[in-house]
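Student: What follows is a single structure, and I will ask about it in a moment.
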Amino acid sequence: MQQKTLSIKVPVGIKAMAEMMAMEEVEVRFFPKLDDLRAILKDYNFNMLTKKALLEKLESLKAECLEENFDTYAEGIGELIKAIQYRY
């Protein structure tokens, strides 16, 4: 009997990310670093990053947002980090 492996992927769609970031879809859609965020999540989904490395990269992205005065997005990434820690 074959055993299926359970793979839980972090969603990279606007709606799902907005939910996890506790933001509106339109805010996420215009996030200047959206492509960077998606690339990080896709790397994790394709097993190129461990969960620890994923969280470190997200913390780094959050710090970049704070440096560039994107405080709302930094808070959103903080919420995303919490969601990933507890769900994935």
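To be explicit about the labels: the chains of the structure tokens are called A, B, and onward in the order shown, and within each one the residues are counted from 1, while ligands get numbers from 1 in the order they are shown.
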Could you give me, as a VMD selection string, the residues within 9 Å of region 35-42 of chain A, counting only C-alpha atoms and dropping anything in the same chain fewer than 2 positions from it?
Tutor: chain A and resid 9 to 13 31 to 33 44 to 49 54 57 to 58 61
Student: Can you tell me, as a PyMOL selection string, what residues are no more than 12 Å from Tyr86 (chain A) when counting only C-alpha atoms, ignoring any on the same chain fewer than 3 positions away?
Tutor: chain A and resi 10+20+51+55+79-83
Student: Among chain A, which ones does DSSP place in alpha helix (DSSP H), written as a PyMOL selection string?
Tutor: chain A and resi 14-21+25-29+34-45+51-67+71-87
Student: Just checking: using only C-alpha atoms, which residue out of A:Ala74, A:Glu56, A:Tyr88, A:Glu68 ends up closest to Met21 (chain A)?
Tutor: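 Result for the nearest residue to Met21 (chain A): A:Ala74.
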Student: Would you please work out which residue, of A:Glu64, A:Glu75, A:Glu59, A:Glu27, is nearest to Lys15 (chain A) when using only C-alpha atoms?
Tutor: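 Among the listed residues, the smallest separation from Lys15 (chain A) belongs to A:Glu27.
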Student: Would you work out the distance separating CA of Thr50 (chain A) from CA of Leu34 (chain A), expressed in Å to one decimal?
Tutor: 20.6 Å
Student: Can you measure CA of Ile77 (chain A) to CA of Val26 (chain A) for me? One decimal in Å is fine.
Tutor: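 One can read the CA of Ile77 (chain A) to CA of Val26 (chain A) distance as 15.4 Å.
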